[in-house]
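Containing mmCIF, C-alpha atoms and all ligand atoms: final_14.cif.
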```
data_protein
loop_
_atom_site.label_atom_id
_atom_site.label_comp_id
_atom_site.auth_asym_id
_atom_site.auth_seq_id
_atom_site.Cartn_x
_atom_site.Cartn_y
_atom_site.Cartn_z
CA MET A 1 0.85 -12.99 47.79
CA LEU A 2 4.63 -13.00 47.34
CA LYS A 3 6.27 -9.58 46.99
CA LEU A 4 9.73 -8.81 45.64
CA ASP A 5 11.24 -5.61 47.03
CA LEU A 6 14.42 -4.31 45.35
CA THR A 7 14.90 -1.19 47.47
CA TYR A 8 18.34 -2.26 48.64
CA THR A 9 19.66 -3.04 45.18
CA ASN A 10 19.48 0.70 44.40
CA GLY A 11 22.90 2.05 43.70
CA PHE A 12 24.16 -1.41 42.78
CA LEU A 13 22.01 -2.08 39.72
CA GLY A 14 20.12 0.15 37.33
CA GLU A 15 16.52 -0.66 36.42
CA GLU A 16 17.64 -0.93 32.77
CA GLU A 17 20.04 -3.75 33.68
CA ILE A 18 16.95 -5.79 34.44
CA SER A 19 14.70 -4.60 31.63
CA ASN A 20 17.49 -5.09 29.05
CA ALA A 21 17.29 -8.81 29.70
CA GLN A 22 13.68 -9.02 28.53
CA SER A 23 14.44 -10.33 25.03
CA ALA A 24 16.79 -13.04 26.35
CA VAL A 25 14.14 -14.00 28.91
CA ASN A 26 11.46 -14.15 26.20
CA ALA A 27 13.51 -16.62 24.17
CA LEU A 28 14.40 -18.81 27.17
CA HIS A 29 10.82 -18.72 28.45
CA ASP A 30 9.67 -19.99 25.06
CA ASP A 31 12.27 -22.75 25.21
CA LEU A 32 11.04 -23.75 28.67
CA GLN A 33 7.40 -23.81 27.63
CA GLN A 34 8.22 -25.74 24.43
CA LYS A 35 10.60 -28.03 26.36
CA ARG A 36 13.59 -27.17 24.16
CA THR A 37 16.08 -26.26 26.90
CA PRO A 38 19.16 -28.31 27.82
CA GLY A 39 17.93 -31.03 30.17
CA ALA A 40 14.41 -30.71 28.73
CA ASP A 41 13.59 -34.26 29.84
CA PHE A 42 13.44 -32.89 33.40
CA LEU A 43 10.77 -30.24 33.07
CA GLY A 44 7.94 -32.22 34.67
CA TRP A 45 7.97 -29.87 37.68
CA LEU A 46 6.67 -26.98 35.55
CA ASP A 47 3.03 -28.06 35.94
CA LEU A 48 3.45 -30.88 38.45
CA ALA A 49 1.29 -29.31 41.17
CA SER A 50 -1.73 -28.60 38.98
CA ARG A 51 -1.53 -32.05 37.38
CA THR A 52 -1.24 -33.74 40.77
CA LEU A 53 -4.28 -31.85 42.07
CA GLN A 54 -6.25 -32.93 39.02
CA GLU A 55 -5.25 -36.57 39.45
CA GLY A 56 -5.92 -36.34 43.20
CA VAL A 57 -3.86 -37.46 46.17
CA ALA A 58 -6.35 -39.93 47.69
CA ASP A 59 -3.91 -42.84 47.72
CA ILE A 60 -1.18 -40.80 49.46
CA LEU A 61 -3.69 -39.54 52.02
CA GLU A 62 -4.85 -43.08 52.75
CA THR A 63 -1.32 -44.35 53.39
CA ALA A 64 -0.60 -41.23 55.43
CA LYS A 65 -3.74 -41.88 57.53
CA GLU A 66 -2.60 -45.39 58.31
CA ILE A 67 0.82 -44.13 59.40
CA ARG A 68 -0.79 -41.37 61.49
CA GLU A 69 -3.00 -43.88 63.26
CA LYS A 70 -0.48 -46.65 63.82
CA ALA A 71 2.94 -45.03 64.14
CA ASP A 72 4.55 -43.31 67.10
CA ALA A 73 7.46 -42.38 64.85
CA LEU A 74 8.04 -42.11 61.12
CA VAL A 75 11.63 -42.47 59.89
CA VAL A 76 12.24 -40.87 56.51
CA VAL A 77 15.30 -42.28 54.75
CA GLY A 78 16.78 -40.16 51.95
CA ILE A 79 19.39 -37.57 51.00
CA GLY A 80 19.61 -34.44 48.82
CA GLY A 81 16.46 -33.96 46.79
CA SER A 82 14.97 -37.05 48.42
CA TYR A 83 15.31 -35.44 51.85
CA LEU A 84 15.57 -31.66 51.96
CA GLY A 85 12.14 -30.72 50.57
CA ALA A 86 10.23 -32.77 53.14
CA ARG A 87 12.46 -31.54 55.94
CA ALA A 88 12.12 -27.92 54.80
CA ALA A 89 8.33 -28.18 54.69
CA TYR A 90 8.11 -30.02 58.01
CA GLU A 91 10.12 -27.34 59.78
CA TRP A 92 8.36 -24.50 57.97
CA VAL A 93 4.84 -25.67 58.86
CA LYS A 94 5.17 -27.48 62.17
CA PRO A 95 6.08 -26.06 65.59
CA GLU A 96 9.77 -25.81 66.52
CA TYR A 97 9.63 -28.63 69.10
CA TYR A 98 7.16 -30.86 67.23
CA ASN A 99 8.72 -34.18 68.25
CA GLN A 100 8.71 -33.18 71.92
CA LEU A 101 4.96 -32.45 71.98
CA SER A 102 2.50 -35.08 73.19
CA LYS A 103 0.86 -37.30 70.57
CA GLU A 104 -2.44 -35.45 71.07
CA GLN A 105 -0.74 -32.10 70.53
CA ARG A 106 1.09 -33.37 67.45
CA GLY A 107 -1.87 -35.23 65.97
CA GLY A 108 0.59 -37.54 64.19
CA PRO A 109 3.82 -39.46 64.62
CA GLU A 110 7.17 -38.01 65.56
CA ILE A 111 9.39 -37.64 62.50
CA TYR A 112 13.08 -38.49 62.13
CA PHE A 113 15.47 -38.42 59.18
CA LEU A 114 18.06 -41.05 58.32
CA GLY A 115 20.23 -41.83 55.29
CA ASN A 116 21.35 -38.20 55.01
CA HIS A 117 24.79 -38.99 56.51
CA ILE A 118 27.04 -41.96 57.30
CA SER A 119 27.55 -41.17 60.97
CA ALA A 120 27.60 -44.16 63.32
CA ASP A 121 26.91 -41.87 66.28
CA ALA A 122 23.86 -40.26 64.71
CA VAL A 123 22.44 -43.65 63.66
CA SER A 124 22.95 -45.13 67.14
CA ASP A 125 21.37 -42.11 68.79
CA LEU A 126 18.33 -42.43 66.54
CA LEU A 127 17.91 -46.14 67.27
CA THR A 128 18.08 -45.34 71.00
CA VAL A 129 15.25 -42.82 70.65
CA LEU A 130 13.14 -45.27 68.60
CA LYS A 131 13.37 -48.07 71.16
CA GLY A 132 9.89 -49.13 72.33
CA LYS A 133 8.06 -47.01 69.75
CA GLN A 134 5.83 -48.13 66.91
CA VAL A 135 8.00 -47.20 63.91
CA TYR A 136 7.14 -46.85 60.22
CA VAL A 137 9.68 -46.12 57.50
CA ASN A 138 9.46 -44.20 54.23
CA VAL A 139 12.59 -44.91 52.18
CA ILE A 140 13.08 -42.48 49.32
CA SER A 141 15.62 -42.68 46.51
CA LYS A 142 15.09 -41.80 42.87
CA SER A 143 18.06 -43.79 41.63
CA GLY A 144 17.68 -46.43 44.31
CA THR A 145 21.47 -46.72 44.49
CA THR A 146 22.66 -43.73 46.56
CA THR A 147 25.10 -44.96 49.22
CA GLU A 148 23.90 -43.01 52.29
CA PRO A 149 20.19 -43.89 52.12
CA ALA A 150 21.06 -47.45 51.06
CA ILE A 151 23.14 -47.87 54.23
CA GLY A 152 20.55 -46.08 56.37
CA PHE A 153 17.77 -48.25 55.00
CA ARG A 154 19.73 -51.46 55.58
CA LEU A 155 20.20 -50.46 59.21
CA ILE A 156 16.62 -49.42 59.94
CA ARG A 157 15.19 -52.41 58.07
CA GLN A 158 17.38 -54.73 60.15
CA TRP A 159 16.20 -52.95 63.29
CA LEU A 160 12.54 -53.28 62.24
CA ILE A 161 13.00 -57.01 61.62
CA GLU A 162 14.52 -57.41 65.09
CA GLN A 163 11.57 -55.55 66.66
CA TYR A 164 8.60 -56.86 64.68
CA GLY A 165 9.75 -59.81 62.52
CA GLU A 166 9.99 -60.14 58.73
CA GLN A 167 6.32 -60.02 57.79
CA GLU A 168 5.31 -57.07 59.94
CA THR A 169 8.41 -55.17 58.76
CA LYS A 170 7.18 -55.40 55.16
CA ARG A 171 3.91 -53.73 56.17
CA ARG A 172 5.75 -50.87 57.88
CA ILE A 173 7.92 -49.84 54.94
CA VAL A 174 6.83 -47.54 52.13
CA ALA A 175 9.31 -47.09 49.26
CA THR A 176 9.32 -44.00 47.04
CA THR A 177 11.47 -44.56 43.97
CA ASP A 178 11.71 -44.85 40.19
CA ALA A 179 8.79 -46.54 38.38
CA SER A 180 10.89 -49.42 37.11
CA LYS A 181 14.65 -48.98 37.60
CA GLY A 182 17.07 -49.33 40.51
CA ALA A 183 17.78 -51.58 43.46
CA LEU A 184 15.06 -50.07 45.66
CA ARG A 185 12.35 -50.74 43.06
CA LYS A 186 13.51 -54.36 42.79
CA LEU A 187 13.61 -54.88 46.55
CA ALA A 188 10.20 -53.24 46.98
CA THR A 189 8.73 -55.56 44.35
CA ASP A 190 10.39 -58.65 45.84
CA GLU A 191 9.30 -57.78 49.38
CA GLY A 192 5.86 -56.45 48.49
CA TYR A 193 6.33 -52.96 49.99
CA LYS A 194 3.79 -50.27 49.31
CA THR A 195 5.44 -47.99 46.73
CA TYR A 196 5.15 -44.53 45.22
CA VAL A 197 6.73 -43.36 42.00
CA ILE A 198 9.09 -40.44 41.44
CA PRO A 199 8.30 -39.34 37.87
CA ASP A 200 11.10 -39.71 35.30
CA ASP A 201 10.80 -36.08 34.24
CA VAL A 202 11.30 -34.55 37.71
CA GLY A 203 14.88 -34.31 39.02
CA GLY A 204 15.60 -34.90 42.71
CA ARG A 205 15.95 -31.25 43.75
CA TYR A 206 12.67 -30.35 42.00
CA SER A 207 10.78 -33.30 43.52
CA VAL A 208 9.34 -31.98 46.79
CA LEU A 209 5.80 -31.88 45.37
CA THR A 210 5.93 -35.51 44.18
CA PRO A 211 5.35 -38.37 46.67
CA VAL A 212 8.96 -37.68 47.80
CA GLY A 213 7.66 -34.79 49.88
CA LEU A 214 3.93 -35.39 49.87
CA LEU A 215 3.80 -38.74 51.69
CA PRO A 216 5.95 -37.95 54.74
CA LEU A 217 4.38 -34.51 55.00
CA ALA A 218 0.83 -35.86 54.85
CA ALA A 219 1.79 -38.46 57.47
CA ILE A 220 2.64 -35.73 59.98
CA GLY A 221 -0.50 -33.75 59.18
CA VAL A 222 0.79 -31.15 56.74
CA ASP A 223 -2.06 -30.18 54.41
CA ILE A 224 -0.57 -31.34 51.11
CA GLU A 225 -3.56 -30.20 49.06
CA LYS A 226 -3.00 -26.62 50.23
CA LEU A 227 0.72 -27.00 49.54
CA LEU A 228 -0.06 -28.15 46.00
CA GLN A 229 -2.66 -25.40 45.57
CA GLY A 230 -0.08 -22.75 46.45
CA ALA A 231 2.29 -24.17 43.85
CA ALA A 232 -0.48 -24.61 41.25
CA ASP A 233 -1.50 -20.96 41.65
CA ALA A 234 2.17 -20.01 41.40
CA GLU A 235 2.37 -21.80 38.04
CA LYS A 236 0.07 -19.03 36.78
CA GLU A 237 1.52 -16.21 38.87
CA PHE A 238 5.07 -16.91 37.67
CA GLY A 239 4.11 -18.22 34.26
CA SER A 240 4.49 -15.08 32.18
CA ALA A 241 7.63 -14.07 30.27
CA SER A 242 7.19 -10.41 31.22
CA LEU A 243 9.74 -9.15 33.74
CA SER A 244 7.30 -6.54 35.00
CA GLU A 245 4.76 -9.27 35.82
CA ASN A 246 6.88 -12.26 36.78
CA ALA A 247 8.78 -11.77 40.06
CA ALA A 248 10.54 -15.14 39.68
CA TYR A 249 12.11 -14.11 36.39
CA LYS A 250 12.96 -10.69 37.76
CA TYR A 251 14.84 -12.33 40.64
CA ALA A 252 16.60 -14.64 38.14
CA VAL A 253 17.72 -11.67 36.01
CA LEU A 254 18.78 -9.70 39.04
CA ARG A 255 21.06 -12.42 40.44
CA ASN A 256 22.64 -12.86 37.00
CA ALA A 257 23.22 -9.12 36.73
CA LEU A 258 24.82 -9.02 40.18
CA TYR A 259 26.92 -12.10 39.34
CA ARG A 260 28.32 -10.39 36.25
CA LYS A 261 29.37 -7.47 38.46
CA GLY A 262 31.37 -9.73 40.75
CA TYR A 263 28.74 -10.54 43.37
CA VAL A 264 29.42 -14.27 43.14
CA THR A 265 28.08 -15.37 46.54
CA GLU A 266 24.42 -15.19 47.43
CA ILE A 267 23.42 -15.46 51.06
CA PHE A 268 19.88 -16.61 51.79
CA ALA A 269 18.96 -14.74 54.97
CA HIS A 270 15.95 -15.32 57.21
CA PHE A 271 14.82 -14.33 60.67
CA GLU A 272 12.90 -17.47 61.66
CA PRO A 273 14.51 -20.72 62.88
CA ALA A 274 11.66 -22.49 61.04
CA LEU A 275 13.30 -21.52 57.75
CA HIS A 276 16.65 -23.18 58.42
CA TYR A 277 15.91 -26.23 56.30
CA PHE A 278 14.12 -24.22 53.65
CA ALA A 279 17.49 -22.52 53.15
CA GLU A 280 19.16 -25.93 52.92
CA TRP A 281 16.65 -26.95 50.23
CA TRP A 282 17.31 -23.68 48.40
CA LYS A 283 21.08 -24.26 48.54
CA GLN A 284 20.79 -27.65 46.84
CA LEU A 285 18.42 -26.24 44.24
CA TYR A 286 20.73 -23.38 43.24
CA GLY A 287 24.06 -25.07 43.93
CA GLU A 288 23.42 -28.19 41.86
CA SER A 289 21.57 -26.30 39.15
CA GLU A 290 24.11 -23.53 38.52
CA GLY A 291 27.48 -24.68 39.82
CA LYS A 292 29.01 -26.16 36.67
CA ASP A 293 31.17 -25.27 33.66
CA GLN A 294 33.26 -23.15 36.10
CA LYS A 295 30.26 -20.86 36.62
CA GLY A 296 27.64 -20.20 39.26
CA VAL A 297 26.60 -18.02 42.17
CA PHE A 298 27.68 -19.81 45.36
CA PRO A 299 24.59 -20.25 47.56
CA ALA A 300 25.12 -19.77 51.28
CA SER A 301 22.67 -19.15 54.12
CA VAL A 302 22.38 -17.43 57.49
CA GLY A 303 19.74 -17.44 60.21
CA TYR A 304 19.41 -14.00 61.74
CA THR A 305 19.45 -12.50 64.22
CA THR A 306 21.52 -15.46 65.56
CA ASP A 307 24.16 -15.21 62.83
CA LEU A 308 24.43 -11.43 63.10
CA HIS A 309 26.49 -12.28 66.18
CA SER A 310 28.78 -14.64 64.29
CA MET A 311 28.67 -13.99 60.55
CA GLY A 312 27.39 -10.42 60.72
CA GLN A 313 30.89 -8.94 60.91
CA PHE A 314 31.94 -10.64 57.67
CA VAL A 315 28.79 -9.67 55.82
CA GLN A 316 29.17 -6.06 56.96
CA GLU A 317 32.88 -5.55 56.30
CA GLY A 318 34.52 -8.66 54.81
CA TYR A 319 35.48 -9.42 51.22
CA ARG A 320 32.97 -7.68 48.94
CA ASN A 321 31.54 -10.30 46.61
CA LEU A 322 28.31 -10.91 48.50
CA PHE A 323 24.67 -10.22 47.92
CA GLU A 324 21.81 -11.28 50.16
CA THR A 325 18.32 -12.60 49.54
CA PHE A 326 16.06 -12.05 52.54
CA VAL A 327 12.94 -14.15 52.89
CA HIS A 328 10.63 -12.52 55.38
CA ILE A 329 7.39 -13.92 56.78
CA GLU A 330 5.06 -11.01 57.48
CA ASN A 331 2.73 -12.63 60.02
CA GLY A 332 3.97 -15.10 62.58
CA THR A 333 1.77 -17.92 63.81
CA HIS A 334 2.00 -16.54 67.35
CA ASN A 335 2.73 -13.25 68.95
CA VAL A 336 4.67 -12.67 72.14
CA ASP A 337 5.14 -9.30 73.83
CA VAL A 338 8.24 -8.17 75.71
CA PRO A 339 7.16 -8.10 79.39
CA SER A 340 7.57 -5.07 81.62
CA ALA A 341 10.06 -5.49 84.50
CA GLN A 342 10.88 -2.13 86.12
CA ASN A 343 13.49 -3.55 88.49
CA MET A 344 15.66 -5.12 85.79
CA GLU A 345 18.49 -2.88 84.69
CA ASP A 346 18.82 -4.39 81.24
CA GLY A 347 17.77 -1.18 79.49
CA LEU A 348 14.86 -2.92 77.83
CA GLU A 349 11.92 -1.15 79.47
CA TYR A 350 11.44 0.97 76.34
CA LEU A 351 10.42 -2.26 74.58
CA ALA A 352 7.92 -3.37 77.23
CA GLY A 353 4.63 -4.25 75.58
CA LYS A 354 6.15 -4.35 72.09
CA SER A 355 5.64 -7.57 70.13
CA LEU A 356 8.58 -9.77 69.15
CA VAL A 357 7.21 -9.83 65.60
CA TRP A 358 7.65 -6.05 65.50
CA VAL A 359 11.11 -6.17 67.13
CA ASN A 360 12.26 -8.93 64.74
CA ASP A 361 11.02 -6.93 61.78
CA LYS A 362 12.94 -3.84 62.89
CA ALA A 363 16.06 -6.04 63.18
CA ARG A 364 15.44 -7.21 59.62
CA LEU A 365 15.04 -3.67 58.30
CA ALA A 366 18.14 -2.47 60.14
CA THR A 367 20.16 -5.40 58.78
CA GLN A 368 19.08 -4.80 55.20
CA SER A 369 19.97 -1.13 55.44
CA ALA A 370 23.32 -1.64 57.23
CA HIS A 371 24.43 -4.39 54.85
CA ALA A 372 23.53 -2.31 51.79
CA GLU A 373 25.56 0.59 53.27
CA GLY A 374 28.42 -1.88 53.75
CA GLY A 375 28.37 -2.78 50.06
CA VAL A 376 26.07 -5.82 50.10
CA PRO A 377 23.13 -5.38 47.75
CA ASN A 378 20.08 -7.20 49.01
CA VAL A 379 16.74 -8.40 47.79
CA LEU A 380 13.65 -8.88 49.92
CA ILE A 381 11.08 -11.57 49.25
CA GLN A 382 8.05 -11.04 51.49
CA VAL A 383 5.54 -13.83 52.08
CA PRO A 384 2.44 -13.51 54.24
CA ASP A 385 2.65 -16.49 56.61
CA ARG A 386 3.86 -19.99 57.42
CA SER A 387 0.89 -21.70 55.79
CA GLU A 388 1.20 -24.66 53.46
CA TYR A 389 -0.28 -22.54 50.66
CA THR A 390 2.43 -19.88 50.98
CA LEU A 391 5.16 -22.51 51.15
CA GLY A 392 3.90 -24.18 47.96
CA GLN A 393 4.00 -20.81 46.26
CA LEU A 394 7.56 -20.16 47.45
CA PHE A 395 8.82 -23.61 46.38
CA TYR A 396 7.55 -22.92 42.88
CA PHE A 397 8.84 -19.34 42.83
CA PHE A 398 12.40 -20.51 43.52
CA GLU A 399 12.17 -23.44 41.09
CA ARG A 400 10.96 -21.22 38.25
CA ALA A 401 13.58 -18.60 39.06
CA CYS A 402 16.32 -21.23 39.28
CA ALA A 403 15.54 -22.66 35.86
CA MET A 404 15.59 -19.19 34.27
CA SER A 405 18.68 -18.13 36.20
CA GLY A 406 20.68 -21.18 35.11
CA LEU A 407 19.58 -20.82 31.51
CA LEU A 408 20.58 -17.14 31.52
CA MET A 409 23.96 -18.20 32.87
CA GLY A 410 24.31 -20.63 29.98
CA VAL A 411 24.31 -23.88 31.96
CA ASN A 412 21.99 -26.89 32.03
CA PRO A 413 20.08 -26.31 35.30
CA PHE A 414 18.73 -29.86 35.40
CA ASN A 415 21.81 -32.11 35.64
CA GLN A 416 24.56 -32.61 38.26
CA PRO A 417 27.43 -34.46 36.54
CA GLY A 418 30.05 -33.23 39.03
CA VAL A 419 28.47 -35.08 41.96
CA GLU A 420 29.79 -38.36 40.52
CA ASN A 421 33.50 -37.50 40.90
CA TYR A 422 33.78 -37.93 44.66
CA LYS A 423 31.56 -41.01 44.44
CA THR A 424 33.97 -42.72 42.03
CA LYS A 425 36.92 -42.02 44.33
CA MET A 426 34.95 -43.11 47.40
CA PHE A 427 33.93 -46.37 45.70
CA GLN A 428 37.61 -47.00 44.84
CA LEU A 429 38.58 -46.45 48.47
CA LEU A 430 35.74 -48.65 49.68
CA GLY A 431 36.75 -51.41 47.25
CA LYS A 432 33.38 -51.51 45.49
CA PRO A 433 33.41 -54.23 42.80
CA GLY A 434 34.04 -52.68 39.38
CA TYR A 435 35.78 -49.60 40.85
CA GLN A 436 39.30 -50.93 41.44
CA LYS A 437 42.01 -48.60 40.11
O1 LIG B 501 17.12 -39.83 45.23
P1 LIG B 501 18.50 -40.32 45.04
O2 LIG B 501 18.68 -40.98 43.70
O3 LIG B 501 18.92 -41.23 46.17
O4 LIG B 501 19.47 -39.09 45.02
C1 LIG B 501 19.68 -38.27 46.12
C2 LIG B 501 20.62 -37.12 45.79
O5 LIG B 501 21.94 -37.59 45.60
C3 LIG B 501 22.66 -37.38 44.44
O6 LIG B 501 24.02 -37.61 44.67
C4 LIG B 501 22.44 -36.04 43.76
O7 LIG B 501 23.51 -35.17 43.86
C5 LIG B 501 21.19 -35.32 44.20
O8 LIG B 501 20.74 -34.52 43.14
C6 LIG B 501 20.12 -36.27 44.65
O9 LIG B 501 18.99 -35.53 45.04
#
```
Now, as a test, write the supplied structure out as structure tokens.
Amino acid sequence: MLKLDLTYTNGFLGEEEISNAQSAVNALHDDLQQKRTPGADFLGWLDLASRTLQEGVADILETAKEIREKADALVVVGIGGSYLGARAAYEWVKPEYYNQLSKEQRGGPEIYFLGNHISADAVSDLLTVLKGKQVYVNVISKSGTTTEPAIGFRLIRQWLIEQYGEQETKRRIVATTDASKGALRKLATDEGYKTYVIPDDVGGRYSVLTPVGLLPLAAIGVDIEKLLQGAADAEKEFGSASLSENAAYKYAVLRNALYRKGYVTEIFAHFEPALHYFAEWWKQLYGESEGKDQKGVFPASVGYTTDLHSMGQFVQEGYRNLFETFVHIENGTHNVDVPSAQNMEDGLEYLAGKSLVWVNDKARLATQSAHAEGGVPNVLIQVPDRSEYTLGQLFYFFERACAMSGLLMGVNPFNQPGVENYKTKMFQLLGKPGYQK
């Protein structure tokens, strides 16, 4: 059960500043449900999880089983919405050093990501690691034309052909793309790759619960049915217009209210390294959804306590336009106690026998309190654990909240026209046919 705690917004926002938004929320909620919002063609994510559970995921599980049995390593090629959801879920659910575990411990292939940069060094390093392994590839691109994954795929496909030959390469590639459009769909048809479809009505950053996320996650043993169940239950939990019942809408209203008061940067803060890529997923979701028409809360992220020793100074005393959103996992997967060591003069004996979960939680509480005293309002979102079910719930919570937040801000939360500008200039510099000045 997800809990929203607004203790540390006291003094920054009055309760009425949230409740006053109820009538605006009612109207926008109606628009969402009736699919009348700007970008209404991209509302497939609203009930995606429950529909997918009804249809079943047998085909994805079968492909995933084959990859689990045959592959030493799975390379996932994609960027943005075709990358971050799977990476976020992988790092949320799996152990920190998953790839370094033995195959028996992992129970599935190692996982690597490609096509999320254009770095020669990073590509070469990956190919070095893959040498001698049985490699399968899942190439993911909704448009099928994005430069980074297209280059990444070319490289890994060439490498596969060199290792296994043309025919075997075709059996080792799964393409996840548009049902009919784009270069990747055409190539997949020509080459006879196994394919999965990204639905037309689900935009990239809302696509983690389509085959975009489901296939690679199932291949490394993430329980995708539990992930979907968490999101499907969240459809109900965050499906009401009422601000007193719907925590997602309350969070959306709250960030808009803070934004209007000059808190224009939101820092996603967590205390678990496993949440690093969840924060990256969250940044794309909010950044691309809201940052347009010269508006938007700038989404940033920190991993505490690490970043308390680098960014903590700024958050405590720097320019005051910040608010923080803490996501806290109540129960860790493991517990570790601080050992007793009488002869060490590190002043830590008072913590001997105390669990790190407890210590970490005190650090979180202290940080929330200190930052609020320093003029940084902060919100706490508590979730029970690192299970797939909880993660599915949290994905949906933030998606629902993001849609409402963008609509309240008066933007279309489902497009990203500005991303094209750098691409046009890059294509001119690269001399792409049709892009000469
Ligand atoms: O899945 P693709 O079509 O390759 O797109 C991957 C990503 O790149 C684009 O430039 C967009 O900004 C993102 O919204 C998208 O998720």
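Taking CA of Arg154 in chain A and CA of Gly85 in chain A as endpoints, the distance between them is 22.6 Å.
Using all atoms listed in the file, the protein and nucleic acid residues lying no more than 7 Å from Leu114 in chain A, apart from those fewer than 3 places from it along its own chain, are Val75, Val76, Val77, Gly78 and Gly152 of chain A.
Around Asp223 in chain A, within 10 Å and counting only C-alpha atoms, the residues found are Leu61, Val93, Leu214, Leu217, Ala218, Ala219, Ile220, Lys226, Leu227, Leu228, Ser387, Glu388 and Tyr389 of chain A, once anything fewer than 3 positions away on its own chain is removed.
Computed from the coordinates, the CA of Arg172 in chain A to CA of Ile79 in chain A distance equals 20.3 Å.
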Of the candidates A:Ser141, A:Ser301, A:Thr169, A:Asn10, which shows the shortest atom-to-atom distance to ligand LIG 501 (chain B), using only C-alpha atoms and all ligand atoms?
A:Ser141
If the box runs along x, y and z of the file and leaves 5 Å on each side of ligand LIG 501 (chain B), what are its centre and edge lengths in Å, one decimal, as JSON?
```
{"center_x": 20.6, "center_y": -37.9, "center_z": 44.7, "size_x": 16.9, "size_y": 16.7, "size_z": 13.0}
```
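With only C-alpha atoms and all ligand atoms as the basis for measurement, A:Val212 is the residue among A:Ala247, A:Val212, A:Ala257, A:Val376 that approaches ligand LIG 501 (chain B) most closely.
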